[in-house]
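Raw run.cif, mmCIF, C-alpha atoms and all ligand atoms:
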data_data
loop_
_atom_site.group_PDB
_atom_site.id
_atom_site.type_symbol
_atom_site.label_atom_id
_atom_site.label_comp_id
_atom_site.auth_asym_id
_atom_site.auth_seq_id
_atom_site.Cartn_x
_atom_site.Cartn_y
_atom_site.Cartn_z
ATOM 1 C CA MET X 1 125.805 111.499 79.444
ATOM 2 C CA THR X 2 127.955 108.592 78.439
ATOM 3 C CA THR X 3 126.580 105.772 76.332
ATOM 4 C CA SER X 4 129.125 103.234 77.537
ATOM 5 C CA ALA X 5 127.944 100.251 79.580
ATOM 6 C CA SER X 6 128.214 101.961 82.924
ATOM 7 C CA VAL X 7 126.770 100.214 85.940
ATOM 8 C CA PRO X 8 123.549 101.777 87.247
ATOM 9 C CA THR X 9 124.078 103.882 90.322
ATOM 10 C CA GLY X 10 122.249 101.331 92.419
ATOM 11 C CA SER X 11 120.657 101.716 95.820
ATOM 12 C CA GLY X 12 121.347 105.006 97.480
ATOM 13 C CA GLY X 13 122.214 106.633 94.171
ATOM 14 C CA ALA X 14 120.501 109.872 93.329
ATOM 15 C CA ILE X 15 117.868 110.002 90.650
ATOM 16 C CA ARG X 16 119.419 111.427 87.515
ATOM 17 C CA ALA X 17 118.723 115.111 87.174
ATOM 18 C CA ASP X 18 117.435 114.617 83.644
ATOM 19 C CA GLY X 19 115.101 111.700 84.341
ATOM 20 C CA THR X 20 112.468 110.268 86.619
ATOM 21 C CA VAL X 21 113.019 107.270 88.822
ATOM 22 C CA THR X 22 111.179 105.174 86.258
ATOM 23 C CA ASP X 23 113.608 106.322 83.579
ATOM 24 C CA ARG X 24 116.385 105.036 85.797
ATOM 25 C CA LEU X 25 114.686 101.649 86.163
ATOM 26 C CA VAL X 26 114.182 101.364 82.423
ATOM 27 C CA GLU X 27 117.825 102.172 81.873
ATOM 28 C CA ALA X 28 118.842 99.508 84.384
ATOM 29 C CA ASN X 29 116.610 97.041 82.587
ATOM 30 C CA GLU X 30 118.393 97.624 79.302
ATOM 31 C CA GLN X 31 121.628 96.585 80.958
ATOM 32 C CA TYR X 32 119.957 93.623 82.650
ATOM 33 C CA ALA X 33 118.551 92.419 79.355
ATOM 34 C CA ALA X 34 121.899 92.847 77.620
ATOM 35 C CA ALA X 35 123.422 90.300 80.018
ATOM 36 C CA PHE X 36 120.339 88.083 80.175
ATOM 37 C CA SER X 37 120.131 84.680 78.564
ATOM 38 C CA ASP X 38 116.914 82.688 78.384
ATOM 39 C CA PRO X 39 117.030 80.165 81.240
ATOM 40 C CA GLY X 40 114.481 78.007 79.420
ATOM 41 C CA MET X 41 112.226 77.631 82.444
ATOM 42 C CA ASP X 42 108.515 77.123 82.470
ATOM 43 C CA ALA X 43 106.332 79.062 84.911
ATOM 44 C CA ARG X 44 106.158 76.420 87.644
ATOM 45 C CA PRO X 45 108.356 77.357 90.617
ATOM 46 C CA VAL X 46 111.262 74.948 90.977
ATOM 47 C CA LEU X 47 110.972 74.706 94.774
ATOM 48 C CA ARG X 48 107.174 74.447 94.664
ATOM 49 C CA VAL X 49 106.863 77.147 97.276
ATOM 50 C CA ALA X 50 104.940 80.420 97.514
ATOM 51 C CA VAL X 51 106.228 83.174 99.779
ATOM 52 C CA VAL X 52 103.793 85.791 101.094
ATOM 53 C CA ALA X 53 105.616 88.812 102.494
ATOM 54 C CA CYS X 54 105.300 92.475 103.337
ATOM 55 C CA MET X 55 106.199 94.914 100.582
ATOM 56 C CA ASP X 56 108.728 96.606 102.904
ATOM 57 C CA ALA X 57 111.721 97.907 100.951
ATOM 58 C CA ARG X 58 114.177 96.528 103.521
ATOM 59 C CA LEU X 59 113.178 92.946 102.877
ATOM 60 C CA ASP X 60 115.110 91.437 99.951
ATOM 61 C CA LEU X 61 113.335 88.099 99.791
ATOM 62 C CA HIS X 62 115.572 86.375 97.286
ATOM 63 C CA ALA X 63 118.769 87.330 99.071
ATOM 64 C CA ALA X 64 117.379 86.681 102.554
ATOM 65 C CA LEU X 65 116.106 83.208 101.679
ATOM 66 C CA GLY X 66 118.794 82.093 99.235
ATOM 67 C CA LEU X 67 116.328 81.985 96.384
ATOM 68 C CA GLU X 68 117.265 81.889 92.720
ATOM 69 C CA LEU X 69 115.351 82.944 89.656
ATOM 70 C CA GLY X 70 112.490 80.535 89.066
ATOM 71 C CA ASP X 71 112.486 79.066 92.565
ATOM 72 C CA CYS X 72 109.275 80.462 94.027
ATOM 73 C CA HIS X 73 106.214 82.627 93.765
ATOM 74 C CA THR X 74 106.452 85.847 95.727
ATOM 75 C CA ILE X 75 103.216 87.536 96.747
ATOM 76 C CA ARG X 76 103.655 90.865 98.496
ATOM 77 C CA ASN X 77 101.414 93.531 99.950
ATOM 78 C CA ALA X 78 101.372 96.020 102.822
ATOM 79 C CA GLY X 79 101.942 93.877 105.896
ATOM 80 C CA GLY X 80 102.224 90.560 104.095
ATOM 81 C CA VAL X 81 98.693 89.863 105.308
ATOM 82 C CA VAL X 82 96.556 87.102 103.832
ATOM 83 C CA THR X 83 93.771 88.977 102.077
ATOM 84 C CA ASP X 84 91.266 87.595 99.588
ATOM 85 C CA ASP X 85 93.574 88.652 96.807
ATOM 86 C CA VAL X 86 96.468 86.732 98.371
ATOM 87 C CA ILE X 87 94.211 83.675 98.556
ATOM 88 C CA ARG X 88 93.433 84.240 94.869
ATOM 89 C CA SER X 89 97.147 84.181 94.016
ATOM 90 C CA LEU X 90 97.874 81.190 96.259
ATOM 91 C CA THR X 91 94.993 79.266 94.726
ATOM 92 C CA ILE X 92 96.320 79.822 91.218
ATOM 93 C CA SER X 93 99.840 79.066 92.460
ATOM 94 C CA GLN X 94 98.799 75.698 93.863
ATOM 95 C CA ARG X 95 96.137 74.608 91.409
ATOM 96 C CA ARG X 96 97.724 75.746 88.171
ATOM 97 C CA LEU X 97 101.412 76.058 88.885
ATOM 98 C CA GLY X 98 102.153 73.216 91.253
ATOM 99 C CA THR X 99 103.281 74.841 94.483
ATOM 100 C CA ARG X 100 102.756 72.963 97.752
ATOM 101 C CA SER X 101 104.484 74.897 100.530
ATOM 102 C CA ILE X 102 103.604 78.354 101.849
ATOM 103 C CA VAL X 103 105.940 80.660 103.774
ATOM 104 C CA LEU X 104 104.516 83.770 105.441
ATOM 105 C CA ILE X 105 106.870 86.613 106.350
ATOM 106 C CA HIS X 106 106.074 89.671 108.422
ATOM 107 C CA HIS X 107 108.859 91.843 109.835
ATOM 108 C CA THR X 108 109.948 94.096 112.660
ATOM 109 C CA GLY X 109 109.121 97.789 112.388
ATOM 110 C CA CYS X 110 106.210 97.260 109.999
ATOM 111 C CA GLY X 111 104.240 100.347 108.987
ATOM 112 C CA LEU X 112 100.998 98.525 109.737
ATOM 113 C CA GLU X 113 101.852 98.665 113.438
ATOM 114 C CA THR X 114 101.751 102.462 113.307
ATOM 115 C CA ILE X 115 98.331 103.008 111.747
ATOM 116 C CA THR X 116 94.839 101.882 112.711
ATOM 117 C CA GLU X 117 91.551 101.137 111.024
ATOM 118 C CA ASP X 118 90.836 104.895 111.501
ATOM 119 C CA PHE X 119 92.808 105.280 108.292
ATOM 120 C CA ARG X 120 89.660 104.272 106.420
ATOM 121 C CA GLU X 121 87.647 106.994 108.166
ATOM 122 C CA GLU X 122 90.320 109.537 107.313
ATOM 123 C CA LEU X 123 90.102 108.531 103.683
ATOM 124 C CA GLU X 124 86.346 108.776 103.735
ATOM 125 C CA GLN X 125 86.500 112.294 105.157
ATOM 126 C CA GLU X 126 89.027 113.339 102.574
ATOM 127 C CA VAL X 127 87.586 111.803 99.412
ATOM 128 C CA GLY X 128 83.962 111.123 100.347
ATOM 129 C CA GLN X 129 84.206 107.398 99.970
ATOM 130 C CA ARG X 130 85.230 104.677 102.387
ATOM 131 C CA PRO X 131 87.415 101.945 100.894
ATOM 132 C CA ALA X 132 85.940 98.454 100.763
ATOM 133 C CA TRP X 133 89.176 96.934 102.006
ATOM 134 C CA ALA X 134 90.325 96.622 105.599
ATOM 135 C CA VAL X 135 93.570 98.352 106.520
ATOM 136 C CA GLU X 136 94.682 95.118 108.232
ATOM 137 C CA ALA X 137 96.574 97.122 110.827
ATOM 138 C CA PHE X 138 97.996 95.169 113.758
ATOM 139 C CA ARG X 139 99.687 95.701 117.101
ATOM 140 C CA ASP X 140 101.172 92.252 117.743
ATOM 141 C CA VAL X 141 103.203 90.991 114.809
ATOM 142 C CA ASP X 142 103.320 87.384 116.073
ATOM 143 C CA GLN X 143 99.567 87.321 116.449
ATOM 144 C CA ASP X 144 99.135 88.682 112.946
ATOM 145 C CA VAL X 145 101.400 85.965 111.541
ATOM 146 C CA ARG X 146 99.252 83.394 113.364
ATOM 147 C CA GLN X 147 96.104 84.919 111.927
ATOM 148 C CA SER X 148 97.603 84.789 108.440
ATOM 149 C CA MET X 149 98.535 81.124 108.895
ATOM 150 C CA GLN X 150 95.000 80.440 110.044
ATOM 151 C CA ARG X 151 93.475 82.160 107.027
ATOM 152 C CA VAL X 152 95.585 80.013 104.724
ATOM 153 C CA ARG X 153 94.815 76.809 106.571
ATOM 154 C CA THR X 154 91.081 77.395 106.570
ATOM 155 C CA SER X 155 90.760 78.468 102.951
ATOM 156 C CA PRO X 156 88.574 76.000 101.040
ATOM 157 C CA PHE X 157 90.290 76.874 97.756
ATOM 158 C CA LEU X 158 93.804 75.678 98.532
ATOM 159 C CA LEU X 159 94.918 72.122 97.814
ATOM 160 C CA HIS X 160 97.839 72.063 100.234
ATOM 161 C CA SER X 161 97.801 73.556 103.718
ATOM 162 C CA ASP X 162 99.936 71.018 105.585
ATOM 163 C CA ASP X 163 103.222 72.884 105.016
ATOM 164 C CA VAL X 164 102.458 76.448 106.103
ATOM 165 C CA ARG X 165 105.014 78.238 108.265
ATOM 166 C CA GLY X 166 105.168 81.810 109.495
ATOM 167 C CA PHE X 167 108.109 84.039 110.376
ATOM 168 C CA VAL X 168 109.097 87.520 111.488
ATOM 169 C CA PHE X 169 112.082 89.007 109.630
ATOM 170 C CA ASP X 170 114.255 91.284 111.746
ATOM 171 C CA VAL X 171 115.202 94.277 109.588
ATOM 172 C CA ARG X 172 118.177 95.014 111.872
ATOM 173 C CA THR X 173 119.800 91.580 111.884
ATOM 174 C CA GLY X 174 118.454 89.998 108.713
ATOM 175 C CA LEU X 175 117.359 86.941 110.677
ATOM 176 C CA LEU X 176 114.046 85.130 110.462
ATOM 177 C CA ARG X 177 112.294 84.074 113.648
ATOM 178 C CA GLU X 178 109.666 81.378 113.336
ATOM 179 C CA VAL X 179 106.277 81.990 114.927
ATOM 180 C CA ASP X 180 104.681 79.134 116.817
ATOM 181 C CA PRO X 181 101.368 78.507 115.103
ATOM 182 C CA ALA X 182 99.612 77.526 118.330
HETATM 183 ZN ZN ZN E 201 105.743 95.814 106.622
#
Turn the structure described in the file into structure tokens.
Ligand SMILES: [Zn+2]
Amino acid sequence: MTTSASVPTGSGGAIRADGTVTDRLVEANEQYAAAFSDPGMDARPVLRVAVVACMDARLDLHAALGLELGDCHTIRNAGGVVTDDVIRSLTISQRRLGTRSIVLIHHTGCGLETITEDFREELEQEVGQRPAWAVEAFRDVDQDVRQSMQRVRTSPFLLHSDDVRGFVFDVRTGLLREVDPA
């Protein structure tokens, strides 16, 4: 292989025959770091916003929302649902790192629409132990965004729940659609 500063193969590129996908990421990081200069930021998000979104690979949050390095906290999980652990992160975000606004983003074609809470039973049958967590599966994405907004608004731990908005990202068009909280 060449040792010159070639650009990583990027999305859609095959994993190198002589390495794992993680090797490829580490290699990309070396090039990232070579061009990186310390922006001199502290840890508080510039826009004082936390974004909670699904982990879906088709959702590029920074590109889709015009975000720059340092602008926001991003908290992601399967579904972008507001679990206790998301509340934990939001609480630290607001109380220690100064964020005030919360943006919730679900999306079209989410994997959580295709499974049910039976997933926990299946796991129990396979491994002999039922997970403590809920699958948080849903059928109506708008309703799940509303439920997430409600969980944020009713959390006793958060300082700021006046600017909470929820959206559905369309993976085909790239557009956000706001969900009426009512
Ligand atoms: Zn999803």
Practice item. With all atoms listed in the file counted, collect every polymer residue having an atom within 10 Å of ligand ZN 201 (chain E); state the result as JSON, numbers by chain. Key: {"X": [53, 54, 55, 56, 57, 58, 59, 76, 77, 78, 79, 80, 81, 105, 106, 107, 108, 109, 110, 111, 112, 113, 141, 169]}
Quick one: axis-aligned box around all listed atoms of range 35-52 of chain X, 3 Å on every side, centre and edge lengths in Å to one decimal, written as AutoDock Vina command-line options.
--center_x 113.6 --center_y 82.4 --center_z 89.7 --size_x 25.6 --size_y 21.9 --size_z 28.7
Exercise for review: Would you list the contacts of range 35-41 of chain X as a list in words, taking every protein, DNA or RNA residue within 12 Å and counting all atoms listed in the file, but skipping same-chain residues closer than 2 positions in sequence?
Suggested key: Ala5, Ala28, Asn29, Glu30, Gln31, Tyr32, Ala33, Ala43, Arg44, Pro45, Val46, Glu68, Leu69, Gly70 and Asp71 of chain X
Any chance you could export the current selection's C-alpha atoms as a PDB file, in the frame of the given file?
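Output file result_20.pdb follows:
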ATOM      1  CA  ALA X   5     127.944 100.251  79.580  1.00  0.00           C
ATOM      2  CA  ALA X  28     118.842  99.508  84.384  1.00  0.00           C
ATOM      3  CA  ASN X  29     116.610  97.041  82.587  1.00  0.00           C
ATOM      4  CA  GLU X  30     118.393  97.624  79.302  1.00  0.00           C
ATOM      5  CA  GLN X  31     121.628  96.585  80.958  1.00  0.00           C
ATOM      6  CA  TYR X  32     119.957  93.623  82.650  1.00  0.00           C
ATOM      7  CA  ALA X  33     118.551  92.419  79.355  1.00  0.00           C
ATOM      8  CA  ALA X  43     106.332  79.062  84.911  1.00  0.00           C
ATOM      9  CA  ARG X  44     106.158  76.420  87.644  1.00  0.00           C
ATOM     10  CA  PRO X  45     108.356  77.357  90.617  1.00  0.00           C
ATOM     11  CA  VAL X  46     111.262  74.948  90.977  1.00  0.00           C
ATOM     12  CA  GLU X  68     117.265  81.889  92.720  1.00  0.00           C
ATOM     13  CA  LEU X  69     115.351  82.944  89.656  1.00  0.00           C
ATOM     14  CA  GLY X  70     112.490  80.535  89.066  1.00  0.00           C
ATOM     15  CA  ASP X  71     112.486  79.066  92.565  1.00  0.00           C
TER      16      ASP X  71
END
Review point. Which one of X:Trp133, X:Ala50, X:Gly98, X:Thr114 sits closest to Asp85 in chain X if you count only C-alpha atoms?
Key: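 Answer, going by the shortest atom-to-atom distance: X:Trp133.
When all atoms listed in the file are used to measure the gap to Val135 in chain X, the shortest distance among X:Asp18, X:Ser93, X:Asp162, X:Thr83 belongs to X:Thr83.
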Review point. Selected by the PyMOL selection byres (((chain X and resi 155) around 12) and not hetatm) in the shown coordinates: which residues, as a list in words?
Key: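 Applied to this file, the PyMOL selection byres (((chain X and resi 155) around 12) and not hetatm) returns Val82, Thr83, Asp84, Val86, Ile87, Arg88, Leu90, Thr91, Ser148, Met149, Gln150, Arg151, Val152, Arg153, Thr154, Pro156, Phe157, Leu158, Leu159, His160 and Ser161 of chain X.
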Exercise for review: Could you give me, as a PyMOL selection string, the residues within 10 Å of Phe119 in chain X, counting only C-alpha atoms and dropping anything in the same chain fewer than 3 positions from it?
Suggested key: chain X and resi 115-116+122-125+130-131+134-135+137
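Atom pair CA of Val168 in chain X / CA of Ile102 in chain X: separated by 14.4 Å.
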Practice item. Go ahead and compute the interatomic distance for CA of Gln147 in chain X and CA of Arg100 in chain X, in Å to one decimal. Key: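 Taking CA of Gln147 in chain X as the start and CA of Arg100 in chain X as the end point, the length is 19.7 Å.
The coordinates place CA of Glu117 in chain X at 24.5 Å from CA of Val179 in chain X.
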Practice item. Write out as a list of chain:residue names each polymer residue whose atoms come within 9 Å of Val51 in chain X, counting all atoms listed in the file; drop sequence neighbours fewer than 5 positions from it. Key: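 In the requested form, the answer reads X:Leu61, X:Cys72, X:His73, X:Thr74, X:Ile75, X:Arg76, X:Ser101, X:Ile102, X:Val103, X:Leu104, X:Ile105.
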Check your understanding: Looking at X:Arg165, X:Arg177, X:His62, X:Arg48, which one is nearest to Gln94 in chain X, with distances taken over all atoms listed in the file?
Key -> X:Arg48
Review point. Using all atoms listed in the file, which residue out of X:Val145, X:Val127, X:Leu97, X:Ala64 lies closest to Leu176 in chain X?
Key: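 Closest to Leu176 in chain X of all the choices is X:Ala64.
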**Study point:** Nearest-residue call for Gly174 in chain X, choices X:Ala63, X:Ala132, X:Val49, X:Ile92, using all atoms listed in the file
**Key:**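 So, comparing all the options, the nearest one is X:Ala63.
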Mind dumping range 107-131 of chain X from that block, keeping N, CA and C atoms, as a CSV table (one decimal), in the first residue's frame?
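Full text of decode22.csv as output:
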chain,number,residue,atom,x,y,z
X,107,HIS,N,-37.3,9.8,12.5
X,107,HIS,CA,-37.1,9.8,11.1
X,107,HIS,C,-38.0,8.8,10.4
X,108,THR,N,-38.2,9.0,9.1
X,108,THR,CA,-39.0,8.0,8.3
X,108,THR,C,-38.3,6.7,8.2
X,109,GLY,N,-39.0,5.6,8.1
X,109,GLY,CA,-38.4,4.3,7.9
X,109,GLY,C,-37.5,3.8,9.1
X,110,CYS,N,-37.9,4.2,10.3
X,110,CYS,CA,-37.1,3.8,11.4
X,110,CYS,C,-37.2,2.3,11.7
X,111,GLY,N,-36.1,1.7,12.1
X,111,GLY,CA,-36.2,0.3,12.5
X,111,GLY,C,-37.1,-0.1,13.6
X,112,LEU,N,-37.3,0.9,14.5
X,112,LEU,CA,-38.2,0.6,15.7
X,112,LEU,C,-39.6,0.5,15.3
X,113,GLU,N,-40.0,0.8,14.0
X,113,GLU,CA,-41.3,0.6,13.6
X,113,GLU,C,-41.5,-0.8,13.1
X,114,THR,N,-40.4,-1.6,13.0
X,114,THR,CA,-40.6,-2.9,12.4
X,114,THR,C,-40.4,-4.0,13.5
X,115,ILE,N,-40.1,-3.6,14.7
X,115,ILE,CA,-40.0,-4.6,15.7
X,115,ILE,C,-41.0,-4.3,16.8
X,116,THR,N,-41.2,-5.2,17.8
X,116,THR,CA,-42.2,-5.0,18.8
X,116,THR,C,-41.5,-5.3,20.2
X,117,GLU,N,-42.2,-5.1,21.2
X,117,GLU,CA,-41.7,-5.5,22.6
X,117,GLU,C,-41.4,-7.0,22.7
X,118,ASP,N,-42.0,-7.8,21.7
X,118,ASP,CA,-41.7,-9.2,21.7
X,118,ASP,C,-40.2,-9.5,21.6
X,119,PHE,N,-39.5,-8.5,21.1
X,119,PHE,CA,-38.0,-8.7,21.0
X,119,PHE,C,-37.4,-9.0,22.3
X,120,ARG,N,-37.9,-8.5,23.4
X,120,ARG,CA,-37.4,-8.8,24.7
X,120,ARG,C,-37.6,-10.3,25.1
X,121,GLU,N,-38.8,-10.8,24.7
X,121,GLU,CA,-39.1,-12.2,24.9
X,121,GLU,C,-38.2,-13.1,24.1
X,122,GLU,N,-37.9,-12.7,22.9
X,122,GLU,CA,-37.1,-13.5,22.0
X,122,GLU,C,-35.7,-13.6,22.7
X,123,LEU,N,-35.2,-12.4,23.2
X,123,LEU,CA,-33.9,-12.4,23.8
X,123,LEU,C,-33.9,-13.3,25.0
X,124,GLU,N,-35.0,-13.3,25.8
X,124,GLU,CA,-35.0,-14.1,27.0
X,124,GLU,C,-35.0,-15.6,26.6
X,125,GLN,N,-35.7,-16.0,25.6
X,125,GLN,CA,-35.7,-17.4,25.2
X,125,GLN,C,-34.3,-17.8,24.7
X,126,GLU,N,-33.6,-16.8,24.0
X,126,GLU,CA,-32.3,-17.2,23.5
X,126,GLU,C,-31.2,-17.2,24.5
X,127,VAL,N,-31.2,-16.3,25.5
X,127,VAL,CA,-30.1,-16.2,26.4
X,127,VAL,C,-30.4,-16.4,27.8
X,128,GLY,N,-31.7,-16.6,28.1
X,128,GLY,CA,-32.1,-17.0,29.4
X,128,GLY,C,-32.3,-15.8,30.4
X,129,GLN,N,-32.3,-14.6,29.8
X,129,GLN,CA,-32.4,-13.4,30.6
X,129,GLN,C,-33.1,-12.4,29.9
X,130,ARG,N,-34.1,-11.7,30.5
X,130,ARG,CA,-34.8,-10.7,29.8
X,130,ARG,C,-34.2,-9.3,30.1
X,131,PRO,N,-33.9,-8.5,29.1
X,131,PRO,CA,-33.3,-7.2,29.4
X,131,PRO,C,-34.2,-6.3,30.3
